[in-house]
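A.B. asks: If it helps, the file is called final-v8.txt and holds compact mmCIF, C-alpha atoms:
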# COMPACT_ATOMS: atom_id res chain seq x y z
CA ALA A 1 98.99 150.57 173.40
CA GLN A 2 97.67 147.12 172.73
CA THR A 3 94.15 146.68 171.41
CA VAL A 4 92.01 143.57 171.21
CA THR A 5 89.10 143.34 168.80
CA GLN A 6 86.28 140.86 168.94
CA SER A 7 84.10 141.57 165.93
CA GLN A 8 81.20 139.29 166.87
CA PRO A 9 79.10 140.79 169.68
CA GLU A 10 76.79 137.78 169.69
CA MET A 11 76.79 134.28 168.28
CA SER A 12 74.62 131.23 168.59
CA VAL A 13 75.19 127.58 167.91
CA GLN A 14 73.20 124.39 168.14
CA GLU A 15 74.14 121.91 170.81
CA ALA A 16 76.80 119.42 169.61
CA GLU A 17 77.89 121.65 166.75
CA THR A 18 81.10 123.58 166.33
CA VAL A 19 81.52 127.33 166.59
CA THR A 20 84.48 129.65 166.11
CA LEU A 21 84.90 132.98 167.88
CA SER A 22 87.24 135.49 166.31
CA CYS A 23 89.78 137.77 167.92
CA THR A 24 92.42 140.04 166.49
CA TYR A 25 94.92 142.17 168.32
CA ASP A 26 97.41 144.86 167.63
CA THR A 27 100.82 145.03 169.24
CA SER A 28 104.43 145.77 168.53
CA GLU A 29 105.57 143.27 171.15
CA ASN A 30 107.13 139.97 170.16
CA ASN A 31 106.69 138.09 173.41
CA TYR A 32 103.25 137.93 174.93
CA TYR A 33 100.43 135.67 176.02
CA LEU A 34 96.91 135.36 174.69
CA PHE A 35 93.95 134.07 176.63
CA TRP A 36 90.34 133.20 176.17
CA TYR A 37 88.19 133.65 179.26
CA LYS A 38 84.62 132.57 179.77
CA GLN A 39 82.22 134.57 181.91
CA PRO A 40 78.94 132.75 182.57
CA PRO A 41 75.93 134.46 184.16
CA SER A 42 77.57 134.02 187.57
CA ARG A 43 80.17 136.51 186.26
CA GLN A 44 83.07 134.38 187.49
CA MET A 45 85.93 134.69 185.01
CA ILE A 46 87.09 131.24 183.98
CA LEU A 47 90.22 130.55 181.97
CA VAL A 48 89.41 128.59 178.85
CA ILE A 49 92.75 128.43 177.11
CA ARG A 50 96.14 130.10 177.00
CA GLN A 51 98.65 130.54 174.19
CA GLU A 52 102.25 131.66 174.46
CA ALA A 53 103.26 133.74 171.47
CA TYR A 54 106.62 132.00 171.11
CA LYS A 55 104.91 128.64 170.63
CA GLN A 56 103.90 127.86 167.07
CA GLN A 57 101.71 124.96 168.09
CA ASN A 58 98.10 125.87 168.71
CA ALA A 59 96.89 125.29 172.24
CA THR A 60 94.11 122.80 172.88
CA GLU A 61 92.08 121.99 175.98
CA ASN A 62 89.61 119.18 175.43
CA ARG A 63 86.81 120.63 173.25
CA PHE A 64 88.49 124.01 173.02
CA SER A 65 91.25 124.85 170.57
CA VAL A 66 92.74 127.99 169.10
CA ASN A 67 93.98 129.03 165.72
CA PHE A 68 96.89 131.31 166.47
CA GLN A 69 98.22 133.23 163.51
CA LYS A 70 101.01 135.43 164.87
CA ALA A 71 101.80 137.25 161.64
CA ALA A 72 98.15 138.07 161.11
CA LYS A 73 97.70 138.85 164.82
CA SER A 74 94.71 136.59 164.96
CA PHE A 75 93.64 134.31 167.80
CA SER A 76 90.34 132.52 167.20
CA LEU A 77 88.69 130.04 169.55
CA LYS A 78 87.00 126.90 168.29
CA ILE A 79 84.52 125.12 170.49
CA SER A 80 83.67 121.61 169.35
CA ASP A 81 80.67 119.58 170.42
CA SER A 82 79.07 122.65 171.98
CA GLN A 83 77.24 122.09 175.24
CA LEU A 84 74.51 124.08 176.94
CA GLY A 85 76.96 124.94 179.68
CA ASP A 86 79.15 126.73 177.16
CA THR A 87 76.60 129.54 177.05
CA ALA A 88 78.52 132.56 178.33
CA MET A 89 80.34 135.72 177.43
CA TYR A 90 83.75 134.96 175.97
CA PHE A 91 86.59 137.44 176.26
CA CYS A 92 89.82 137.38 174.33
CA ALA A 93 92.71 138.91 176.25
CA PHE A 94 96.25 140.02 175.43
CA ASP A 95 98.95 139.97 178.07
CA SER A 96 102.24 141.75 177.87
CA ASN A 97 104.32 142.83 180.84
CA TYR A 98 101.74 141.50 183.28
CA LYS A 99 98.89 143.62 182.01
CA LEU A 100 95.76 142.11 180.54
CA THR A 101 93.86 143.92 177.83
CA PHE A 102 90.43 142.49 177.09
CA GLY A 103 88.31 142.58 174.00
CA LYS A 104 84.68 143.64 174.27
CA GLY A 105 83.49 140.08 174.37
CA THR A 106 81.26 137.75 172.38
CA LEU A 107 78.05 136.48 173.88
CA LEU A 108 77.70 132.84 172.88
CA THR A 109 74.38 131.10 173.21
CA VAL A 110 74.16 127.35 172.79
CA ASN A 111 70.68 126.29 171.76
CA PRO A 112 69.20 122.86 172.54
CA GLY B 1 93.88 124.69 191.53
CA ALA B 2 94.49 128.31 192.41
CA VAL B 3 91.61 130.05 194.14
CA VAL B 4 91.00 133.71 194.84
CA SER B 5 88.31 134.49 197.38
CA GLN B 6 86.59 137.85 196.98
CA HIS B 7 84.24 139.35 199.57
CA PRO B 8 81.64 140.60 199.77
CA SER B 9 79.88 139.27 196.69
CA TRP B 10 77.46 142.13 196.81
CA VAL B 11 77.05 145.25 198.88
CA ILE B 12 74.65 148.15 199.06
CA CYS B 13 75.82 151.33 200.69
CA LYS B 14 74.61 154.85 201.16
CA SER B 15 76.06 157.69 199.17
CA GLY B 16 79.02 159.25 200.97
CA THR B 17 80.08 156.14 202.85
CA SER B 18 83.10 153.94 202.19
CA VAL B 19 83.14 150.30 201.19
CA LYS B 20 85.99 147.81 201.44
CA ILE B 21 86.35 144.82 199.15
CA GLU B 22 88.78 142.03 200.00
CA CYS B 23 90.58 139.55 197.81
CA ARG B 24 92.55 136.66 199.21
CA SER B 25 94.60 134.09 197.39
CA LEU B 26 93.83 130.89 199.26
CA ASP B 27 96.43 128.40 198.12
CA PHE B 28 99.16 130.41 196.48
CA GLN B 29 101.15 133.56 196.96
CA ALA B 30 100.12 136.43 194.75
CA THR B 31 102.97 138.78 194.00
CA THR B 32 100.70 141.02 191.99
CA MET B 33 97.00 141.70 192.20
CA PHE B 34 94.82 143.56 189.77
CA TRP B 35 91.52 145.35 190.22
CA TYR B 36 89.01 145.65 187.41
CA ARG B 37 85.70 147.35 186.95
CA GLN B 38 82.99 145.97 184.72
CA PHE B 39 79.83 147.79 183.69
CA PRO B 40 76.80 145.79 182.54
CA LYS B 41 77.37 144.02 179.24
CA GLN B 42 80.80 145.53 178.90
CA SER B 43 84.36 144.32 179.16
CA LEU B 44 86.71 144.43 182.11
CA MET B 45 88.60 147.65 182.54
CA LEU B 46 91.80 147.58 184.55
CA MET B 47 91.75 150.07 187.38
CA ALA B 48 95.02 149.42 189.13
CA THR B 49 97.85 147.00 189.69
CA SER B 50 99.26 146.36 193.13
CA ASN B 51 102.42 144.61 194.21
CA GLU B 52 102.86 143.34 197.72
CA GLY B 53 104.38 145.95 199.98
CA SER B 54 104.38 148.80 197.48
CA LYS B 55 102.01 151.46 196.25
CA ALA B 56 99.49 150.58 193.61
CA THR B 57 99.83 151.75 190.04
CA TYR B 58 96.60 153.28 188.78
CA GLU B 59 95.42 153.41 185.20
CA GLN B 60 94.82 156.73 183.58
CA GLY B 61 91.56 158.29 184.66
CA VAL B 62 91.23 156.28 187.87
CA GLU B 63 91.20 158.44 191.00
CA LYS B 64 93.72 156.98 193.41
CA ASP B 65 92.25 158.92 196.35
CA LYS B 66 88.83 157.49 195.67
CA PHE B 67 89.86 153.91 195.05
CA LEU B 68 92.35 153.02 197.77
CA ILE B 69 94.25 149.82 197.22
CA ASN B 70 96.28 148.04 199.86
CA HIS B 71 98.36 144.93 199.24
CA ALA B 72 99.87 144.30 202.63
CA SER B 73 100.67 140.62 202.20
CA LEU B 74 101.22 138.05 199.49
CA THR B 75 97.71 136.72 200.02
CA LEU B 76 95.55 139.79 200.63
CA SER B 77 94.65 142.88 198.67
CA THR B 78 91.86 145.30 199.46
CA LEU B 79 90.03 147.93 197.44
CA THR B 80 88.28 150.68 199.37
CA VAL B 81 85.82 152.87 197.54
CA THR B 82 85.80 156.09 199.54
CA SER B 83 82.89 158.54 199.66
CA ALA B 84 80.96 156.36 197.28
CA HIS B 85 78.46 157.88 194.88
CA PRO B 86 75.81 156.28 192.66
CA GLU B 87 78.13 156.50 189.64
CA ASP B 88 80.53 154.18 191.47
CA SER B 89 77.93 151.44 191.29
CA SER B 90 79.50 148.66 189.26
CA PHE B 91 80.91 145.15 189.33
CA TYR B 92 84.44 145.01 190.73
CA ILE B 93 86.69 142.03 190.09
CA CYS B 94 90.12 141.22 191.44
CA SER B 95 92.73 139.02 189.87
CA ALA B 96 95.94 137.56 191.20
CA LEU B 97 99.14 136.59 189.46
CA GLY B 98 100.81 133.58 191.04
CA THR B 99 104.46 133.14 191.79
CA VAL B 100 104.82 129.56 190.57
CA ASN B 101 102.79 129.05 187.42
CA TYR B 102 102.20 131.98 185.13
CA GLY B 103 98.53 132.76 185.02
CA TYR B 104 95.80 134.92 186.36
CA THR B 105 93.15 133.76 188.81
CA PHE B 106 90.05 135.85 189.20
CA GLY B 107 87.88 136.44 192.20
CA SER B 108 84.14 135.96 191.90
CA GLY B 109 83.47 139.70 191.84
CA THR B 110 81.62 142.22 193.98
CA ARG B 111 78.48 143.97 192.89
CA LEU B 112 78.46 147.42 194.46
CA THR B 113 75.28 149.47 194.53
CA VAL B 114 75.41 152.97 195.95
CA VAL B 115 72.05 154.47 196.85
Would you mind writing the file out in structure tokens?

C.D. replies:
Amino acid sequence: AQTVTQSQPEMSVQEAETVTLSCTYDTSENNYYLFWYKQPPSRQMILVIRQEAYKQQNATENRFSVNFQKAAKSFSLKISDSQLGDTAMYFCAFDSNYKLTFGKGTLLTVNP
Amino acid sequence: GAVVSQHPSWVICKSGTSVKIECRSLDFQATTMFWYRQFPKQSLMLMATSNEGSKATYEQGVEKDKFLINHASLTLSTLTVTSAHPEDSSFYICSALGTVNYGYTFGSGTRLTVV
């Protein structure tokens, strides 16, 4: 069974600064997807970024980028120029065979 | 973009009654829908996976007779919590997998409180 580990239950960052959220996973699969989802207080799950395991290039979406290290099974999320609206719970998720496995989440607080 | 509409957003029911939660994909066909449960300050736990026109596949430990899932069309899936009890109180979220672009779209969730 796949497992996803987010070792930082909570993190905080000052507005406009950069923060990195860590995520590691364990799998014997070779083809899979990795996601970062954001869940603000409204509890709506919002896709932040997606990475296909077969792609070596790290995915980027505006201020959000990942550092995908397949051999190390690591998938960290970097948020640049943090904004107050980035305050949310962030979940790392592993997808293989159309089944998402979530980490326990990291609560990110952006301070003014 | 893809939208999944989930209703109701919150519901309070009496112990012993049944509650139905609906999820509709508004602008795409969802071959597969997923139902999750989330306790406060915890992660999402997959309850079941449903494919249109076939029986749902339940995760280990999830009572299929208690949590009835119907996926009668490519745009609608329902979760019925039967004979609800206070311990069923939770946040339930659906997710849909599209047929065109690979990705999951989540509903806005339903907060169920059983009193």

A.B. asks: Using 9 Å as the limit and counting only C-alpha atoms, can you tabulate each residue of chain B that touches chain A, with its shortest atom-to-atom distance in Å and the two atoms involved, as CSV?

C.D. replies:
residue,atom,partner,partner_atom,distance
B:Thr32,CA,A:Tyr98,CA,8.8
B:Phe34,CA,A:Lys99,CA,8.8
B:Lys41,CA,A:Gly105,CA,8.8
B:Gln42,CA,A:Lys104,CA,6.3
B:Ser43,CA,A:Lys104,CA,4.9
B:Leu44,CA,A:Phe102,CA,6.5
B:Met45,CA,A:Phe102,CA,7.7
B:Leu46,CA,A:Leu100,CA,7.9
B:Thr49,CA,A:Lys99,CA,8.5
B:Ile93,CA,A:Gln44,CA,8.9
B:Leu97,CA,A:Tyr98,CA,8.3
B:Gly103,CA,A:Arg50,CA,8.8
B:Tyr104,CA,A:Leu47,CA,8.3
B:Thr105,CA,A:Leu47,CA,8.1
B:Phe106,CA,A:Met45,CA,6.0
B:Gly107,CA,A:Gln44,CA,7.0
B:Ser108,CA,A:Gln44,CA,4.8
B:Gly109,CA,A:Gln44,CA,6.9

A.B. asks: Go ahead and dump the residues you just picked, C-alpha atoms, as a PDB file, keeping the file's coordinate frame.

C.D. replies:
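Contents of the output file result.pdb:
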ATOM      1  CA  THR B  32     100.700 141.020 191.990  1.00  0.00           C
ATOM      2  CA  PHE B  34      94.820 143.560 189.770  1.00  0.00           C
ATOM      3  CA  LYS B  41      77.370 144.020 179.240  1.00  0.00           C
ATOM      4  CA  GLN B  42      80.800 145.530 178.900  1.00  0.00           C
ATOM      5  CA  SER B  43      84.360 144.320 179.160  1.00  0.00           C
ATOM      6  CA  LEU B  44      86.710 144.430 182.110  1.00  0.00           C
ATOM      7  CA  MET B  45      88.600 147.650 182.540  1.00  0.00           C
ATOM      8  CA  LEU B  46      91.800 147.580 184.550  1.00  0.00           C
ATOM      9  CA  THR B  49      97.850 147.000 189.690  1.00  0.00           C
ATOM     10  CA  ILE B  93      86.690 142.030 190.090  1.00  0.00           C
ATOM     11  CA  LEU B  97      99.140 136.590 189.460  1.00  0.00           C
ATOM     12  CA  GLY B 103      98.530 132.760 185.020  1.00  0.00           C
ATOM     13  CA  TYR B 104      95.800 134.920 186.360  1.00  0.00           C
ATOM     14  CA  THR B 105      93.150 133.760 188.810  1.00  0.00           C
ATOM     15  CA  PHE B 106      90.050 135.850 189.200  1.00  0.00           C
ATOM     16  CA  GLY B 107      87.880 136.440 192.200  1.00  0.00           C
ATOM     17  CA  SER B 108      84.140 135.960 191.900  1.00  0.00           C
ATOM     18  CA  GLY B 109      83.470 139.700 191.840  1.00  0.00           C
TER      19      GLY B 109
END

A.B. asks: For a test of reading the model, state the distance in Å between atom CA of Ser82 of chain A and atom CA of Glu15 of chain A, rounded to one decimal.

C.D. replies: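 The value is 5.1 Å.
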
A.B. asks: So what do you get for atom CA of Thr78 of chain B versus atom CA of Cys23 of chain B, distance-wise?

C.D. replies: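 Interatomic distance, atom CA of Thr78 of chain B to atom CA of Cys23 of chain B: 6.1 Å.
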
A.B. asks: What is the atom CA of Ser22 of chain A-atom CA of Gln6 of chain A distance in Å, reported with one decimal?

C.D. replies: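 Separating atom CA of Ser22 of chain A from atom CA of Gln6 of chain A is a distance of 6.1 Å.
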
A.B. asks: Using all atoms listed in the file, determine which residues lie at most 7 Å from segment 79-87 of chain B, disregarding the query and same-chain residues fewer than 5 positions distant; provide the list as a PyMOL selection string.

C.D. replies: chain B and resi 15-22+66-70+114-115

A.B. asks: Take the residues just selected and output them with C-alpha atoms as a compact mmCIF listing (two decimals), in the coordinates of the input.

C.D. replies:
# COMPACT_ATOMS: atom_id res chain seq x y z
CA SER B 15 76.06 157.69 199.17
CA GLY B 16 79.02 159.25 200.97
CA THR B 17 80.08 156.14 202.85
CA SER B 18 83.10 153.94 202.19
CA VAL B 19 83.14 150.30 201.19
CA LYS B 20 85.99 147.81 201.44
CA ILE B 21 86.35 144.82 199.15
CA GLU B 22 88.78 142.03 200.00
CA LYS B 66 88.83 157.49 195.67
CA PHE B 67 89.86 153.91 195.05
CA LEU B 68 92.35 153.02 197.77
CA ILE B 69 94.25 149.82 197.22
CA ASN B 70 96.28 148.04 199.86
CA VAL B 114 75.41 152.97 195.95
CA VAL B 115 72.05 154.47 196.85

A.B. asks: Got a sec: who's within 10 Å of segment 74-78 of chain A, counting all atoms listed in the file, leaving out chain neighbours fewer than 6 positions off, as number ranges by chain?

C.D. replies: A: 4-6, 18-26, 34-36, 48-49, 51, 58-60, 63-68, 90, 92-94

A.B. asks: Closest to Met33 of chain B among B:Ala72, B:Val3, B:Ala96, B:Val62, using all atoms listed in the file?

C.D. replies: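 Under the stated criterion, the closest residue is B:Ala96.
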
A.B. asks: Calculate, to one decimal in Å, the centre and edge lengths of the box along x, y and z of the file that holds all listed atoms of segment 31-39 of chain A with 8 Å of margin on each side, and present them as JSON.

C.D. replies:
{"center_x": 94.5, "center_y": 135.3, "center_z": 177.7, "size_x": 40.5, "size_y": 21.5, "size_z": 24.5}

A.B. asks: Env of Ser96 of chain A: 8 Å cut, atoms = all atoms listed in the file, seq-sep filter 6 positions within chain, self excluded. Answer as a list in words.

C.D. replies: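 Listing them by chain and then by number gives Glu29, Asn31, Tyr32 and Tyr33 of chain A.
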
A.B. asks: Go ahead and write the residues just picked, C-alpha atoms, as a CSV table (one decimal), keeping the file's coordinate frame.

C.D. replies:
chain,number,residue,atom,x,y,z
A,29,GLU,CA,105.6,143.3,171.2
A,31,ASN,CA,106.7,138.1,173.4
A,32,TYR,CA,103.2,137.9,174.9
A,33,TYR,CA,100.4,135.7,176.0

A.B. asks: Because some atoms of segment 33-49 of chain B are absent here, can you restore N, CA and C atoms and send them as a PDB file, keeping the file's coordinate frame?

C.D. replies:
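Okay, this is what ended up in out25.pdb:
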ATOM      1  N   MET B  33      98.452 141.775 192.308  1.00  0.00           N
ATOM      2  CA  MET B  33      97.000 141.700 192.200  1.00  0.00           C
ATOM      3  C   MET B  33      96.490 142.847 191.346  1.00  0.00           C
ATOM      4  N   PHE B  34      95.405 142.590 190.690  1.00  0.00           N
ATOM      5  CA  PHE B  34      94.820 143.560 189.770  1.00  0.00           C
ATOM      6  C   PHE B  34      93.372 143.803 190.174  1.00  0.00           C
ATOM      7  N   TRP B  35      92.919 145.006 189.958  1.00  0.00           N
ATOM      8  CA  TRP B  35      91.520 145.350 190.220  1.00  0.00           C
ATOM      9  C   TRP B  35      90.891 145.874 188.931  1.00  0.00           C
ATOM     10  N   TYR B  36      89.724 145.286 188.618  1.00  0.00           N
ATOM     11  CA  TYR B  36      89.010 145.650 187.410  1.00  0.00           C
ATOM     12  C   TYR B  36      87.618 146.154 187.779  1.00  0.00           C
ATOM     13  N   ARG B  37      87.070 146.887 186.839  1.00  0.00           N
ATOM     14  CA  ARG B  37      85.700 147.350 186.950  1.00  0.00           C
ATOM     15  C   ARG B  37      84.983 146.909 185.686  1.00  0.00           C
ATOM     16  N   GLN B  38      83.753 146.428 185.866  1.00  0.00           N
ATOM     17  CA  GLN B  38      82.990 145.970 184.720  1.00  0.00           C
ATOM     18  C   GLN B  38      81.574 146.515 184.789  1.00  0.00           C
ATOM     19  N   PHE B  39      81.200 147.292 183.792  1.00  0.00           N
ATOM     20  CA  PHE B  39      79.830 147.790 183.690  1.00  0.00           C
ATOM     21  C   PHE B  39      78.999 146.736 182.968  1.00  0.00           C
ATOM     22  N   PRO B  40      77.671 146.799 183.144  1.00  0.00           N
ATOM     23  CA  PRO B  40      76.800 145.790 182.540  1.00  0.00           C
ATOM     24  C   PRO B  40      77.042 145.626 181.042  1.00  0.00           C
ATOM     25  N   LYS B  41      77.199 144.393 180.645  1.00  0.00           N
ATOM     26  CA  LYS B  41      77.370 144.020 179.240  1.00  0.00           C
ATOM     27  C   LYS B  41      78.601 144.668 178.615  1.00  0.00           C
ATOM     28  N   GLN B  42      79.576 144.969 179.420  1.00  0.00           N
ATOM     29  CA  GLN B  42      80.800 145.530 178.900  1.00  0.00           C
ATOM     30  C   GLN B  42      81.996 144.685 179.348  1.00  0.00           C
ATOM     31  N   SER B  43      83.146 145.071 178.852  1.00  0.00           N
ATOM     32  CA  SER B  43      84.360 144.320 179.160  1.00  0.00           C
ATOM     33  C   SER B  43      84.944 144.753 180.491  1.00  0.00           C
ATOM     34  N   LEU B  44      86.012 144.079 180.875  1.00  0.00           N
ATOM     35  CA  LEU B  44      86.710 144.430 182.110  1.00  0.00           C
ATOM     36  C   LEU B  44      87.701 145.550 181.820  1.00  0.00           C
ATOM     37  N   MET B  45      87.679 146.547 182.677  1.00  0.00           N
ATOM     38  CA  MET B  45      88.600 147.650 182.540  1.00  0.00           C
ATOM     39  C   MET B  45      89.545 147.654 183.736  1.00  0.00           C
ATOM     40  N   LEU B  46      90.832 147.590 183.472  1.00  0.00           N
ATOM     41  CA  LEU B  46      91.800 147.580 184.550  1.00  0.00           C
ATOM     42  C   LEU B  46      91.816 148.921 185.263  1.00  0.00           C
ATOM     43  N   MET B  47      91.696 148.856 186.582  1.00  0.00           N
ATOM     44  CA  MET B  47      91.750 150.070 187.380  1.00  0.00           C
ATOM     45  C   MET B  47      93.145 150.314 187.929  1.00  0.00           C
ATOM     46  N   ALA B  48      93.723 149.248 188.487  1.00  0.00           N
ATOM     47  CA  ALA B  48      95.020 149.420 189.130  1.00  0.00           C
ATOM     48  C   ALA B  48      95.706 148.080 189.303  1.00  0.00           C
ATOM     49  N   THR B  49      97.012 148.169 189.454  1.00  0.00           N
ATOM     50  CA  THR B  49      97.850 147.000 189.690  1.00  0.00           C
ATOM     51  C   THR B  49      98.579 147.214 191.011  1.00  0.00           C
TER      52      THR B  49
END
